[in-house]
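> Attaching a single structure in structure tokens format; questions to follow.
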Amino acid sequence: MSYDPPMQTDLNVLTDEEVLQFHQDGFVVREGFLPPEQVRATSEEVDRYADTEPRFDGRNIWKYDELCSLITHPQTLAVMDQLMGDPNYALHHCHAARHHAGLAGVGWHHDYEQIPQVNRSHTQVHVLHYLAGLNGTIGDMLLLRRSHRAVMRRDALWFCGTEEIPGTVVLNNLAPGSVVFAHSALVHARRPQPGGEGTSRYFIDIVFMQAGIKWPSYGREGWRDTLAELDKRLHDPHHPHLFDPDAFFEISEAVARLEGLEGSMALHLPEADPNAPRKHAGAIPVVQ
């Protein structure tokens, strides 16, 4: 099914209905979230670094004025305050890409950071910017509604390729400057489409993590240095933990701890207090 976002009259914050939609369905779309002048300036900046740093992976994000502006965009942070419930969330990473005709697809997957995948206790949000919008060429965005409420490996549905499956929402008709706020556990795919010669599909994702737990670090060399540089440049007293390295544990160490373990991971954890009440008897409850 195609998704046609409703017209918005106030782009400052989400309505109560949109917040509820995010938590229930896993995403909210805001058409034309960024003004034309910001879209133009950011597109030009992406062009510059795409030409000079074709393997750009986010580690130098603090050097780019317009991308830094997106990270601390007042309306984006206002939305994050609503979705996270407080201003103490942290930035995980920022990517930017310029896509052209003939772009390959990306199979169904999710991007929720957890080792191993066992629950969805805290919220992680991908803020997906489509500077030129989406128009049915180069690549459509496919979302699997409500899939963020299930717990699965990132690649559990990769075998489905980029085909539509029951519950699929298709985003292929968005105005320039549109933004999708998506729960990072929402399963999604990029479906390749013909056409788009002579045009560019600009895509920027910025990822925020809810406070309350430690999250896996971003697996790029120099990533903590990037957080430090961003904090020097963009420190926000209203969001004091936005670039806090203490919000993260080292992903490589966590993976090493799982090396060689077999069977149910719960059996490798400390035993529970035998006198503590049991929340579940038998089967794992279904998420409602």
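We name chains A, B, ... following the order of the structure tokens; residues begin at 1 in each chain, and ligands are numbered from 1 as shown.
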Do you have, as a tab-separated table, the list of residues of range 110-159 of chain A lying at most 7 Å from range 167-188 of chain A, each with its nearest atom pair and that distance in Å to one decimal, counting only C-alpha atoms and ordered by chain then number?

```
residue	atom	partner	partner_atom	distance
A:His110	CA	A:Val187	CA	4.5
A:Asp111	CA	A:Ser184	CA	5.2
A:Tyr112	CA	A:Ala185	CA	4.6
A:Gln124	CA	A:Ser184	CA	5.4
A:Val125	CA	A:His183	CA	4.7
A:His126	CA	A:Ala182	CA	5.2
A:Val127	CA	A:Phe181	CA	4.8
A:Leu128	CA	A:Val180	CA	5.0
A:His129	CA	A:Val179	CA	4.6
A:Tyr130	CA	A:Ser178	CA	5.5
A:Leu131	CA	A:Gly177	CA	4.5
A:Ala132	CA	A:Pro176	CA	4.3
A:Gly133	CA	A:Pro176	CA	3.9
A:Leu134	CA	A:Leu174	CA	4.8
A:Asn135	CA	A:Asn173	CA	4.8
A:Gly136	CA	A:Asn172	CA	4.8
A:Asp140	CA	A:Asn172	CA	5.1
A:Met141	CA	A:Leu171	CA	5.0
A:Leu142	CA	A:Val170	CA	4.8
A:Leu143	CA	A:His188	CA	4.4
A:Leu144	CA	A:Thr168	CA	4.7
A:Arg145	CA	A:Gly167	CA	5.7
A:Arg146	CA	A:Leu186	CA	7.0
A:Ser147	CA	A:Leu186	CA	5.2
A:His148	CA	A:Leu186	CA	4.1
```
> Which polymer residues have any atom within 9 Å of an atom of Glu163 in chain A, counting only C-alpha atoms, with same-chain residues fewer than 4 positions away left out, as a VMD selection string?
chain A and resid 107 to 108 189 191
> I need the residues from that last selection saved to file as a PDB file, in the first residue's frame (with C-alpha atoms), if you can.

```pdb
ATOM      1  CA  GLY A 107      16.641  -6.140   1.526  1.00  0.00           C
ATOM      2  CA  TRP A 108      14.307  -6.149   4.509  1.00  0.00           C
ATOM      3  CA  ALA A 189      13.843  -2.038   2.736  1.00  0.00           C
ATOM      4  CA  ARG A 191      13.252  -1.149  -3.459  1.00  0.00           C
TER       5      ARG A 191
END
```
> Considering only C-alpha atoms, return as a list of chain:residue names whatever protein or nucleic-acid residues lie within 10 Å of Gly219 in chain A, sequence-local ones (same chain, fewer than 6 positions apart) excluded.
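Near Gly219 in chain A, the qualifying residues are A:His93, A:Glu250, A:Ile251, A:Ser252.
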> So which one's closest to Ala228 in chain A, A:Ile61, A:Val29, A:Ala104, A:Val19? Using only C-alpha atoms, please.
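For Ala228 in chain A, the nearest of the candidates is A:Ile61.
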> Skip range 95-103 of chain A itself and residues of its chain fewer than 3 positions away, then list as an MDAnalysis selection string all residues within 6 Å of it, counting only C-alpha atoms.
chainID A and resid 58 138 196:197 200:205
> Could you tell me how far CA of Gly32 in chain A lies from CA of Tyr218 in chain A, in Å and to one decimal?
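Those two atoms sit 29.5 Å apart.
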> How many Å lie between CA of Phe208 in chain A and CA of Thr162 in chain A, rounded to one decimal?
26.0 Å
